[in-house]
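A.B. asks: Just so it is clear, I am handing over work-v7.txt, which has compact mmCIF, C-alpha atoms and all ligand atoms.
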```txt
# COMPACT_ATOMS: atom_id res chain seq x y z
CA MET A 265 116.84 90.94 101.69
CA SER A 266 117.47 93.24 98.74
CA GLU A 267 115.61 92.58 95.47
CA GLY A 268 115.35 94.31 92.10
CA ALA A 269 117.65 97.35 91.96
CA GLY A 270 117.77 97.56 95.78
CA VAL A 271 114.29 97.21 97.30
CA THR A 272 114.13 95.83 100.84
CA VAL A 273 111.74 92.88 101.02
CA TYR A 274 110.89 90.45 103.82
CA ARG A 275 110.85 86.98 102.24
CA THR A 276 109.30 84.01 104.02
CA ILE A 277 108.30 81.41 101.41
CA GLY A 278 111.26 80.95 99.03
CA THR A 279 114.02 80.96 101.65
CA PRO A 280 116.30 78.06 102.76
CA ALA A 281 113.98 77.56 105.77
CA LEU A 282 110.93 77.15 103.50
CA ARG A 283 112.00 76.63 99.90
CA HIS A 284 108.49 76.11 98.52
CA LEU A 285 105.00 75.62 99.92
CA ASP A 286 103.28 73.91 96.98
CA PRO A 287 101.72 75.64 95.00
CA PHE A 288 103.40 78.77 96.42
CA LEU A 289 106.98 79.48 95.38
CA MET A 290 107.72 82.80 97.06
CA LEU A 291 106.15 85.41 99.34
CA ASP A 292 107.73 88.86 99.63
CA TYR A 293 106.40 91.59 101.89
CA PHE A 294 107.65 95.11 101.31
CA GLY A 295 106.81 97.96 103.65
CA SER A 296 108.74 101.15 104.22
CA ASP A 297 108.29 104.91 104.36
CA ASP A 298 112.01 105.33 103.61
CA PRO A 299 112.32 105.96 99.82
CA ASP A 300 115.89 104.56 99.88
CA LYS A 301 114.29 101.15 100.53
CA TYR A 302 112.01 101.18 97.48
CA ILE A 303 112.84 103.99 95.05
CA ALA A 304 115.13 101.88 92.83
CA GLY A 305 112.21 99.57 92.03
CA PHE A 306 112.39 96.48 89.85
CA PRO A 307 113.79 97.41 86.40
CA ASP A 308 113.33 95.03 83.43
CA HIS A 309 113.48 91.38 84.49
CA PRO A 310 112.06 88.12 83.09
CA HIS A 311 109.59 85.53 84.43
CA ARG A 312 108.63 82.14 83.00
CA GLY A 313 106.53 79.24 84.27
CA PHE A 314 104.36 80.70 87.04
CA VAL A 315 101.97 83.45 88.21
CA THR A 316 102.82 86.56 90.22
CA LEU A 317 100.10 88.08 92.39
CA THR A 318 100.93 91.57 93.63
CA TYR A 319 98.77 93.25 96.27
CA MET A 320 99.50 96.92 96.86
CA LEU A 321 98.45 97.98 100.35
CA ASP A 322 99.88 101.51 100.14
CA GLY A 323 101.66 103.33 97.36
CA HIS A 324 101.75 103.57 93.60
CA MET A 325 103.68 101.37 91.15
CA LEU A 326 103.74 101.28 87.39
CA HIS A 327 104.02 97.96 85.60
CA GLN A 328 105.31 97.96 82.00
CA ASP A 329 106.24 94.97 79.90
CA SER A 330 108.22 94.32 76.78
CA MET A 331 105.04 93.83 74.74
CA GLY A 332 103.71 97.30 75.45
CA ASN A 333 101.29 96.49 78.27
CA ARG A 334 101.07 99.10 81.03
CA GLY A 335 99.28 98.88 84.34
CA ASP A 336 98.93 101.08 87.38
CA LEU A 337 98.99 99.55 90.83
CA ARG A 338 97.54 101.89 93.45
CA SER A 339 96.78 101.57 97.17
CA GLY A 340 94.34 98.71 97.68
CA GLY A 341 94.64 97.33 94.13
CA ALA A 342 96.13 94.09 92.84
CA GLN A 343 97.61 92.49 89.75
CA TRP A 344 97.53 88.80 88.81
CA MET A 345 100.07 88.10 86.08
CA LYS A 346 100.31 84.69 84.46
CA ALA A 347 103.84 84.95 83.07
CA ALA A 348 103.56 81.44 81.60
CA SER A 349 105.81 81.17 78.48
CA GLY A 350 107.49 84.49 79.21
CA VAL A 351 107.18 88.11 80.26
CA ILE A 352 109.92 90.73 80.64
CA HIS A 353 108.67 93.62 82.70
CA SER A 354 109.52 96.41 85.11
CA GLU A 355 107.74 97.33 88.33
CA MET A 356 108.68 100.89 89.26
CA PRO A 357 107.54 103.16 92.13
CA GLN A 358 105.62 106.25 91.02
CA GLN A 359 106.28 108.11 94.26
CA SER A 360 109.43 109.65 95.73
CA GLU A 361 108.25 109.74 99.34
CA GLY A 362 105.64 108.26 101.66
CA LEU A 363 104.70 104.72 102.55
CA MET A 364 105.00 101.87 100.05
CA ARG A 365 103.64 98.59 101.33
CA GLY A 366 102.42 95.35 99.80
CA PHE A 367 102.96 91.71 98.91
CA GLN A 368 104.17 89.72 95.97
CA LEU A 369 103.21 86.05 95.91
CA TRP A 370 104.54 83.62 93.29
CA ILE A 371 102.12 80.80 92.46
CA ASN A 372 103.29 77.82 90.45
CA LEU A 373 101.56 76.72 87.25
CA PRO A 374 100.89 73.11 86.24
CA ALA A 375 103.41 71.79 83.68
CA SER A 376 100.68 71.83 81.02
CA GLU A 377 100.23 75.64 81.47
CA LYS A 378 103.86 76.75 81.72
CA MET A 379 104.37 77.42 78.01
CA THR A 380 100.94 78.94 77.30
CA ASP A 381 100.36 82.64 76.53
CA PRO A 382 100.71 85.25 79.27
CA VAL A 383 97.59 86.84 80.80
CA TYR A 384 97.10 89.81 83.13
CA GLN A 385 94.22 90.63 85.45
CA GLU A 386 94.37 94.10 86.93
CA ILE A 387 92.12 94.71 89.92
CA THR A 388 91.08 98.16 91.11
CA PRO A 389 90.49 98.66 94.86
CA GLU A 390 86.78 99.21 94.20
CA ALA A 391 86.47 95.73 92.68
CA ILE A 392 87.57 93.99 95.90
CA PRO A 393 84.54 92.97 98.02
CA VAL A 394 84.58 93.60 101.77
CA VAL A 395 82.85 91.24 104.20
CA GLU A 396 82.28 92.82 107.63
CA SER A 397 81.08 91.38 110.92
CA ALA A 398 81.62 92.35 114.57
CA GLY A 399 85.29 93.30 115.03
CA LEU A 400 86.24 91.82 111.67
CA ARG A 401 86.83 93.20 108.17
CA VAL A 402 87.78 90.81 105.36
CA GLN A 403 88.78 92.02 101.89
CA LEU A 404 88.42 89.26 99.34
CA LEU A 405 90.91 89.31 96.46
CA SER A 406 90.44 85.77 95.20
CA GLY A 407 88.21 82.78 95.92
CA HIS A 408 84.99 82.67 97.93
CA TYR A 409 84.29 84.01 101.41
CA GLY A 410 81.16 85.09 103.29
CA GLY A 411 78.92 84.43 100.30
CA LYS A 412 81.00 86.65 97.99
CA GLU A 413 83.49 85.96 95.23
CA GLY A 414 86.81 87.77 94.75
CA PRO A 415 87.58 89.49 91.41
CA ILE A 416 90.75 87.50 90.63
CA ALA A 417 90.15 84.30 88.69
CA ASP A 418 92.89 81.77 89.42
CA PRO A 419 91.80 78.75 87.40
CA HIS A 420 94.77 76.45 88.04
CA THR A 421 95.36 76.56 91.79
CA HIS A 422 92.03 78.08 92.96
CA VAL A 423 93.76 80.51 95.31
CA GLN A 424 91.73 82.01 98.13
CA TYR A 425 93.37 85.30 99.19
CA LEU A 426 91.93 87.26 102.14
CA ASP A 427 93.16 90.47 103.76
CA VAL A 428 91.84 90.18 107.32
CA SER A 429 91.65 93.04 109.84
CA ILE A 430 90.77 91.98 113.40
CA ASP A 431 89.89 94.49 116.13
CA ALA A 432 91.39 94.06 119.60
CA GLY A 433 89.62 91.31 121.53
CA HIS A 434 88.03 89.77 118.42
CA ARG A 435 88.54 86.56 116.52
CA PHE A 436 88.66 85.28 112.95
CA SER A 437 87.61 81.63 112.55
CA HIS A 438 88.17 79.97 109.22
CA HIS A 439 87.74 76.50 107.79
CA LEU A 440 90.84 74.88 106.25
CA ALA A 441 89.98 72.74 103.23
CA THR A 442 91.53 69.26 103.27
CA ASN A 443 92.97 69.48 99.77
CA MET A 444 94.48 72.99 100.06
CA THR A 445 97.79 74.37 101.32
CA SER A 446 97.08 77.30 103.67
CA PHE A 447 99.19 79.95 105.35
CA LEU A 448 98.84 83.30 107.02
CA PHE A 449 101.21 86.25 107.35
CA VAL A 450 100.73 88.87 110.08
CA PHE A 451 101.68 92.39 109.00
CA GLU A 452 100.11 94.56 111.71
CA GLY A 453 99.89 93.83 115.43
CA ALA A 454 100.13 90.28 116.75
CA VAL A 455 97.74 87.33 117.03
CA ARG A 456 97.19 84.03 118.82
CA CYS A 457 96.66 81.31 116.24
CA SER A 458 95.20 78.09 117.70
CA GLY A 459 97.34 78.52 120.83
CA THR A 460 100.51 79.85 119.18
CA SER A 461 101.63 83.50 119.42
CA LEU A 462 102.50 85.18 116.13
CA SER A 463 104.13 88.60 116.08
CA HIS A 464 104.08 90.82 113.04
CA HIS A 465 106.18 89.72 110.03
CA SER A 466 105.43 86.09 111.02
CA LEU A 467 104.31 83.41 108.59
CA ALA A 468 102.34 80.41 109.85
CA VAL A 469 101.87 77.32 107.69
CA LEU A 470 98.50 75.82 108.60
CA GLY A 471 97.30 72.23 108.59
CA SER A 472 94.19 71.12 106.73
CA GLY A 473 90.80 69.64 107.35
CA ALA A 474 90.09 71.63 110.51
CA SER A 475 89.39 75.21 111.39
CA VAL A 476 91.80 77.85 112.59
CA GLU A 477 91.04 80.41 115.29
CA ILE A 478 92.98 83.64 115.07
CA THR A 479 92.60 86.12 117.92
CA ALA A 480 93.85 89.70 118.22
CA ALA A 481 94.49 90.21 121.93
CA ASP A 482 95.12 93.69 123.31
CA ARG A 483 95.39 95.55 120.01
CA ALA A 484 94.12 95.28 116.45
CA ALA A 485 95.89 92.99 113.97
CA ARG A 486 95.95 92.56 110.23
CA LEU A 487 97.05 89.56 108.19
CA ILE A 488 96.70 87.85 104.87
CA PHE A 489 95.24 84.36 104.76
CA VAL A 490 96.05 82.45 101.57
CA ALA A 491 95.10 78.93 100.44
CA GLY A 492 95.83 77.13 97.16
CA LEU A 493 95.62 73.71 95.56
CA PRO A 494 99.02 71.94 95.57
CA LEU A 495 100.20 70.81 92.12
CA LYS A 496 102.36 67.89 93.33
CA GLU A 497 104.72 68.21 90.36
CA PRO A 498 108.52 68.53 90.29
CA ILE A 499 109.76 72.10 90.80
CA VAL A 500 113.02 73.15 89.16
CA GLN A 501 113.75 76.80 89.80
CA HIS A 502 116.49 79.05 88.48
CA GLY A 503 115.76 82.56 89.76
CA PRO A 504 112.71 83.87 87.87
CA PHE A 505 112.32 80.70 85.76
CA VAL A 506 110.31 77.87 87.36
CA MET A 507 109.83 74.72 85.30
CA THR A 508 109.56 70.96 85.91
CA THR A 509 112.85 69.75 84.36
CA HIS A 510 116.46 70.98 84.15
CA HIS A 511 116.23 70.83 80.37
CA GLU A 512 113.32 73.33 80.41
CA ILE A 513 115.39 75.64 82.62
CA GLU A 514 118.32 75.47 80.18
CA GLN A 515 115.83 76.30 77.42
CA ALA A 516 114.52 79.31 79.39
CA VAL A 517 118.04 80.65 80.03
CA SER A 518 118.95 80.16 76.36
CA ASP A 519 115.68 81.78 75.18
CA TYR A 520 116.32 84.77 77.45
CA ARG A 521 119.91 85.17 76.22
CA ASN A 522 118.76 84.94 72.61
CA ASN A 523 115.83 87.32 72.97
CA ARG A 524 113.25 84.55 72.53
CA LEU A 525 111.79 84.46 76.04
CA VAL A 526 108.80 86.61 75.16
CA GLN A 527 106.77 84.77 72.56
CA LYS A 528 103.25 86.20 72.75
CA LYS A 529 101.62 89.46 73.67
CA ALA A 530 99.63 89.08 76.88
CA ARG A 531 95.88 89.35 77.15
CA PHE A 532 94.97 92.16 79.52
CA ALA A 533 91.79 92.39 81.62
CA ARG A 534 90.96 95.23 83.99
CA ARG A 535 88.29 94.97 86.70
FE FE2 A 601 108.43 90.79 88.22
```
Do you think you could lay out the structure here as structure tokens?

C.D. replies:
Amino acid sequence: MSEGAGVTVYRTIGTPALRHLDPFLMLDYFGSDDPDKYIAGFPDHPHRGFVTLTYMLDGHMLHQDSMGNRGDLRSGGAQWMKAASGVIHSEMPQQSEGLMRGFQLWINLPASEKMTDPVYQEITPEAIPVVESAGLRVQLLSGHYGGKEGPIADPHTHVQYLDVSIDAGHRFSHHLATNMTSFLFVFEGAVRCSGTSLSHHSLAVLGSGASVEITAADRAARLIFVAGLPLKEPIVQHGPFVMTTHHEIEQAVSDYRNNRLVQKKARFARR
């Protein structure tokens, strides 16, 4: 589908087939070396009530918000943005050719956090630990894995976010916590996941309380594995506003129309 001013994204979570996957509200994958599919970017737009986590695999984007914050997203880096009570920002490509590839994940916030002040965490590629074993390379954005801790602190939903590269003929085994929602998205090659074949651009929603075995057969594969704590609260969504009641949505729309959506300057942390 087309998002922003005309950027082609592949949406899995946040479609009629999978409206939400508590605590996840949306997953967009963008990947193209055709500038016509990304050059228009995402000009000024609002968010309220949730977190966006952007992971830039390839390319260069500039983030700017209405409160004067600026952030560079480069290949291998990430940004965790708690929009909370309100952010109006743009996300614009800083390249006119070449590959632009990455993910944007929307993570819901508990009702008690939705109207708090916005916060950013900007993560440089160097800050992301890599855990390597035979035929396997795991980059750890958030949560714990292999005795290491990712640089993104996600205090409300405790997201574990792994970028997993599997060589041909190798396997990634991972425990699925009983209290977490888990999914994976394959973006290079294809895998067998506990007996099911997954081609690239496939999302698999995983069960819990067991372990998952993901095998790359005849060629290498790469995927993201993401887990998060479900909030089990009502979700009322109107585009980029996600609250728990219709009244709060009406308030968000009215605040946006009346220039009151942005209430506080965000705190900014760079790692
Ligand atoms: Fe945005």

A.B. asks: Using all atoms listed in the file, pick whichever of A:Ser518, A:Ser466, A:Ser437, A:Ser354 has the shortest atom-to-atom distance to A:Arg334.

C.D. replies: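 That would be A:Ser354, the residue with the smallest distance to A:Arg334.
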
A.B. asks: Could I get the residues of chain A with an atom no further than 7 Å from an atom of ligand FE2 601 (chain A), each paired with its nearest atom pair and that distance in Å to one decimal, using all atoms listed in the file, sorted by chain and residue number, as a tab-separated table?

C.D. replies:
```
residue	atom	partner	partner_atom	distance
A:His309	CA	A:FE2_601	FE	6.3
A:Pro310	CA	A:FE2_601	FE	6.8
A:His311	CA	A:FE2_601	FE	6.6
A:His353	CA	A:FE2_601	FE	6.2
A:Ser354	CA	A:FE2_601	FE	6.5
A:Glu355	CA	A:FE2_601	FE	6.6
```

A.B. asks: Pick out the residues sitting within 9 Å of stretch 468-472 of chain A, and hand them over as an MDAnalysis selection string; count only C-alpha atoms, and ignore anything fewer than 3 positions along from it in its own chain.

C.D. replies: chainID A and resid 285 439:450 457 462 475:476

A.B. asks: Can you pull out the residues contacting A:Met356? Cut-off 8 Å, using only C-alpha atoms, and skip same-chain residues under 3 positions away; I want them as a list of chain:residue names.

C.D. replies: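 The filter keeps A:Ile303, A:Ala304, A:Gly305, A:Phe306, A:Pro307, A:Met325, A:Leu326, A:His327.
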
A.B. asks: Record the distance separating atom CA of A:Leu321 and atom CA of A:Ala398, expressed in Å with one decimal.

C.D. replies: 22.7 Å

A.B. asks: Contacts of A:Arg534 at 10 Å or less, counting only C-alpha atoms, minus same-chain residues fewer than 5 places along, as a VMD selection string?

C.D. replies: chain A and resid 335 343 384 to 388 391 415

A.B. asks: Taking only C-alpha atoms into account, which of A:Leu337, A:Ile416, A:Met320, A:Ala375 comes nearest A:Glu497?

C.D. replies: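 Checking each of A:Leu337, A:Ile416, A:Met320, A:Ala375 against A:Glu497, counting only C-alpha atoms, the winner is A:Ala375.
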
A.B. asks: Can you tell me how far atom CA of A:His420 sits from atom CA of A:Asp381, in Å to one decimal?

C.D. replies: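 Taking atom CA of A:His420 as the start and atom CA of A:Asp381 as the end point, the length is 14.2 Å.
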
A.B. asks: Identify the residues within 7 Å of coordinate (101.9, 86.9, 87.1) (same frame as the file), considering all atoms listed in the file, and give the answer as number ranges by chain.

C.D. replies: A: 314-317, 344-347, 384

A.B. asks: Using only C-alpha atoms for the distances, tell me which of A:Asp297, A:Asp431, A:Glu377, A:Asp292 is nearest to A:Tyr274.

C.D. replies: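 Of the candidates, the smallest distance to A:Tyr274 is held by A:Asp292.
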
A.B. asks: Which is closer to A:Arg483 than all the others in A:Arg435, A:Ile430, A:Lys496, A:Phe505, using all atoms listed in the file?

C.D. replies: A:Ile430

A.B. asks: What is the distance between atom CA of A:Pro494 and atom CA of A:Leu373, in Å to one decimal?

C.D. replies: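 One can read the atom CA of A:Pro494 to atom CA of A:Leu373 distance as 9.9 Å.
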
A.B. asks: As JSON, what would the box around stretch 327-344 of chain A look like: edges along x, y and z, 5 Å added on every side, centre and edge lengths in Å to one decimal?

C.D. replies:
```
{"center_x": 101.3, "center_y": 95.3, "center_z": 86.2, "size_x": 23.9, "size_y": 23.1, "size_z": 32.9}
```

A.B. asks: When you count only C-alpha atoms, which of these residues is closest to A:Asn333: A:Met364, A:Ser376, A:Phe532, A:Met265?

C.D. replies: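 Distance minimum relative to A:Asn333 lands on A:Phe532.
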
A.B. asks: Could you give me stretch 394-415 of chain A completed to N, CA, C and O atoms, formatted as a PDB file, keeping the file's coordinate frame?

C.D. replies:
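Ended up saving to out01.pdb:
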```pdb
ATOM      1  N   VAL A 394      84.256  93.576 100.342  1.00  0.00           N
ATOM      2  CA  VAL A 394      84.580  93.600 101.770  1.00  0.00           C
ATOM      3  C   VAL A 394      83.451  92.876 102.505  1.00  0.00           C
ATOM      4  O   VAL A 394      82.274  93.130 102.247  1.00  0.00           O
ATOM      5  N   VAL A 395      83.832  91.955 103.382  1.00  0.00           N
ATOM      6  CA  VAL A 395      82.850  91.240 104.200  1.00  0.00           C
ATOM      7  C   VAL A 395      83.093  91.676 105.654  1.00  0.00           C
ATOM      8  O   VAL A 395      84.186  91.475 106.182  1.00  0.00           O
ATOM      9  N   GLU A 396      82.087  92.298 106.275  1.00  0.00           N
ATOM     10  CA  GLU A 396      82.280  92.820 107.630  1.00  0.00           C
ATOM     11  C   GLU A 396      81.358  92.132 108.617  1.00  0.00           C
ATOM     12  O   GLU A 396      80.203  91.835 108.313  1.00  0.00           O
ATOM     13  N   SER A 397      81.897  91.858 109.803  1.00  0.00           N
ATOM     14  CA  SER A 397      81.080  91.380 110.920  1.00  0.00           C
ATOM     15  C   SER A 397      81.688  91.996 112.172  1.00  0.00           C
ATOM     16  O   SER A 397      82.660  92.748 112.065  1.00  0.00           O
ATOM     17  N   ALA A 398      81.161  91.693 113.338  1.00  0.00           N
ATOM     18  CA  ALA A 398      81.620  92.350 114.570  1.00  0.00           C
ATOM     19  C   ALA A 398      83.126  92.196 114.760  1.00  0.00           C
ATOM     20  O   ALA A 398      83.635  91.083 114.888  1.00  0.00           O
ATOM     21  N   GLY A 399      83.850  93.307 114.749  1.00  0.00           N
ATOM     22  CA  GLY A 399      85.290  93.300 115.030  1.00  0.00           C
ATOM     23  C   GLY A 399      86.137  92.726 113.908  1.00  0.00           C
ATOM     24  O   GLY A 399      87.325  92.465 114.100  1.00  0.00           O
ATOM     25  N   LEU A 400      85.543  92.523 112.739  1.00  0.00           N
ATOM     26  CA  LEU A 400      86.240  91.820 111.670  1.00  0.00           C
ATOM     27  C   LEU A 400      85.951  92.474 110.321  1.00  0.00           C
ATOM     28  O   LEU A 400      84.809  92.828 110.039  1.00  0.00           O
ATOM     29  N   ARG A 401      87.005  92.649 109.509  1.00  0.00           N
ATOM     30  CA  ARG A 401      86.830  93.200 108.170  1.00  0.00           C
ATOM     31  C   ARG A 401      87.683  92.355 107.231  1.00  0.00           C
ATOM     32  O   ARG A 401      88.900  92.279 107.396  1.00  0.00           O
ATOM     33  N   VAL A 402      87.052  91.699 106.274  1.00  0.00           N
ATOM     34  CA  VAL A 402      87.780  90.810 105.360  1.00  0.00           C
ATOM     35  C   VAL A 402      87.641  91.340 103.936  1.00  0.00           C
ATOM     36  O   VAL A 402      86.528  91.496 103.420  1.00  0.00           O
ATOM     37  N   GLN A 403      88.785  91.630 103.303  1.00  0.00           N
ATOM     38  CA  GLN A 403      88.780  92.020 101.890  1.00  0.00           C
ATOM     39  C   GLN A 403      89.147  90.789 101.082  1.00  0.00           C
ATOM     40  O   GLN A 403      90.130  90.108 101.368  1.00  0.00           O
ATOM     41  N   LEU A 404      88.344  90.529 100.066  1.00  0.00           N
ATOM     42  CA  LEU A 404      88.420  89.260  99.340  1.00  0.00           C
ATOM     43  C   LEU A 404      88.997  89.495  97.944  1.00  0.00           C
ATOM     44  O   LEU A 404      88.311  89.999  97.055  1.00  0.00           O
ATOM     45  N   LEU A 405      90.271  89.117  97.765  1.00  0.00           N
ATOM     46  CA  LEU A 405      90.910  89.310  96.460  1.00  0.00           C
ATOM     47  C   LEU A 405      90.594  88.167  95.507  1.00  0.00           C
ATOM     48  O   LEU A 405      90.405  88.377  94.312  1.00  0.00           O
ATOM     49  N   SER A 406      90.590  86.951  96.058  1.00  0.00           N
ATOM     50  CA  SER A 406      90.440  85.770  95.200  1.00  0.00           C
ATOM     51  C   SER A 406      89.742  84.664  95.974  1.00  0.00           C
ATOM     52  O   SER A 406      89.944  84.533  97.184  1.00  0.00           O
ATOM     53  N   GLY A 407      88.924  83.881  95.287  1.00  0.00           N
ATOM     54  CA  GLY A 407      88.210  82.780  95.920  1.00  0.00           C
ATOM     55  C   GLY A 407      86.883  83.242  96.497  1.00  0.00           C
ATOM     56  O   GLY A 407      86.393  84.328  96.174  1.00  0.00           O
ATOM     57  N   HIS A 408      86.295  82.389  97.339  1.00  0.00           N
ATOM     58  CA  HIS A 408      84.990  82.670  97.930  1.00  0.00           C
ATOM     59  C   HIS A 408      85.142  82.895  99.424  1.00  0.00           C
ATOM     60  O   HIS A 408      85.949  82.240 100.073  1.00  0.00           O
ATOM     61  N   TYR A 409      84.328  83.802  99.957  1.00  0.00           N
ATOM     62  CA  TYR A 409      84.290  84.010 101.410  1.00  0.00           C
ATOM     63  C   TYR A 409      83.015  84.780 101.745  1.00  0.00           C
ATOM     64  O   TYR A 409      82.679  85.756 101.051  1.00  0.00           O
ATOM     65  N   GLY A 410      82.330  84.361 102.800  1.00  0.00           N
ATOM     66  CA  GLY A 410      81.160  85.090 103.290  1.00  0.00           C
ATOM     67  C   GLY A 410      80.096  85.294 102.226  1.00  0.00           C
ATOM     68  O   GLY A 410      79.449  86.343 102.207  1.00  0.00           O
ATOM     69  N   GLY A 411      79.940  84.324 101.340  1.00  0.00           N
ATOM     70  CA  GLY A 411      78.920  84.430 100.300  1.00  0.00           C
ATOM     71  C   GLY A 411      79.309  85.311  99.127  1.00  0.00           C
ATOM     72  O   GLY A 411      78.494  85.561  98.239  1.00  0.00           O
ATOM     73  N   LYS A 412      80.557  85.811  99.113  1.00  0.00           N
ATOM     74  CA  LYS A 412      81.000  86.650  97.990  1.00  0.00           C
ATOM     75  C   LYS A 412      82.147  85.967  97.246  1.00  0.00           C
ATOM     76  O   LYS A 412      82.753  85.024  97.745  1.00  0.00           O
ATOM     77  N   GLU A 413      82.429  86.517  96.061  1.00  0.00           N
ATOM     78  CA  GLU A 413      83.490  85.960  95.230  1.00  0.00           C
ATOM     79  C   GLU A 413      84.491  87.061  94.896  1.00  0.00           C
ATOM     80  O   GLU A 413      84.091  88.167  94.499  1.00  0.00           O
ATOM     81  N   GLY A 414      85.779  86.784  95.051  1.00  0.00           N
ATOM     82  CA  GLY A 414      86.810  87.770  94.750  1.00  0.00           C
ATOM     83  C   GLY A 414      86.954  87.996  93.258  1.00  0.00           C
ATOM     84  O   GLY A 414      86.579  87.133  92.453  1.00  0.00           O
ATOM     85  N   PRO A 415      87.498  89.138  92.830  1.00  0.00           N
ATOM     86  CA  PRO A 415      87.580  89.490  91.410  1.00  0.00           C
ATOM     87  C   PRO A 415      88.667  88.738  90.638  1.00  0.00           C
ATOM     88  O   PRO A 415      88.626  88.684  89.410  1.00  0.00           O
TER      89      PRO A 415
END
```
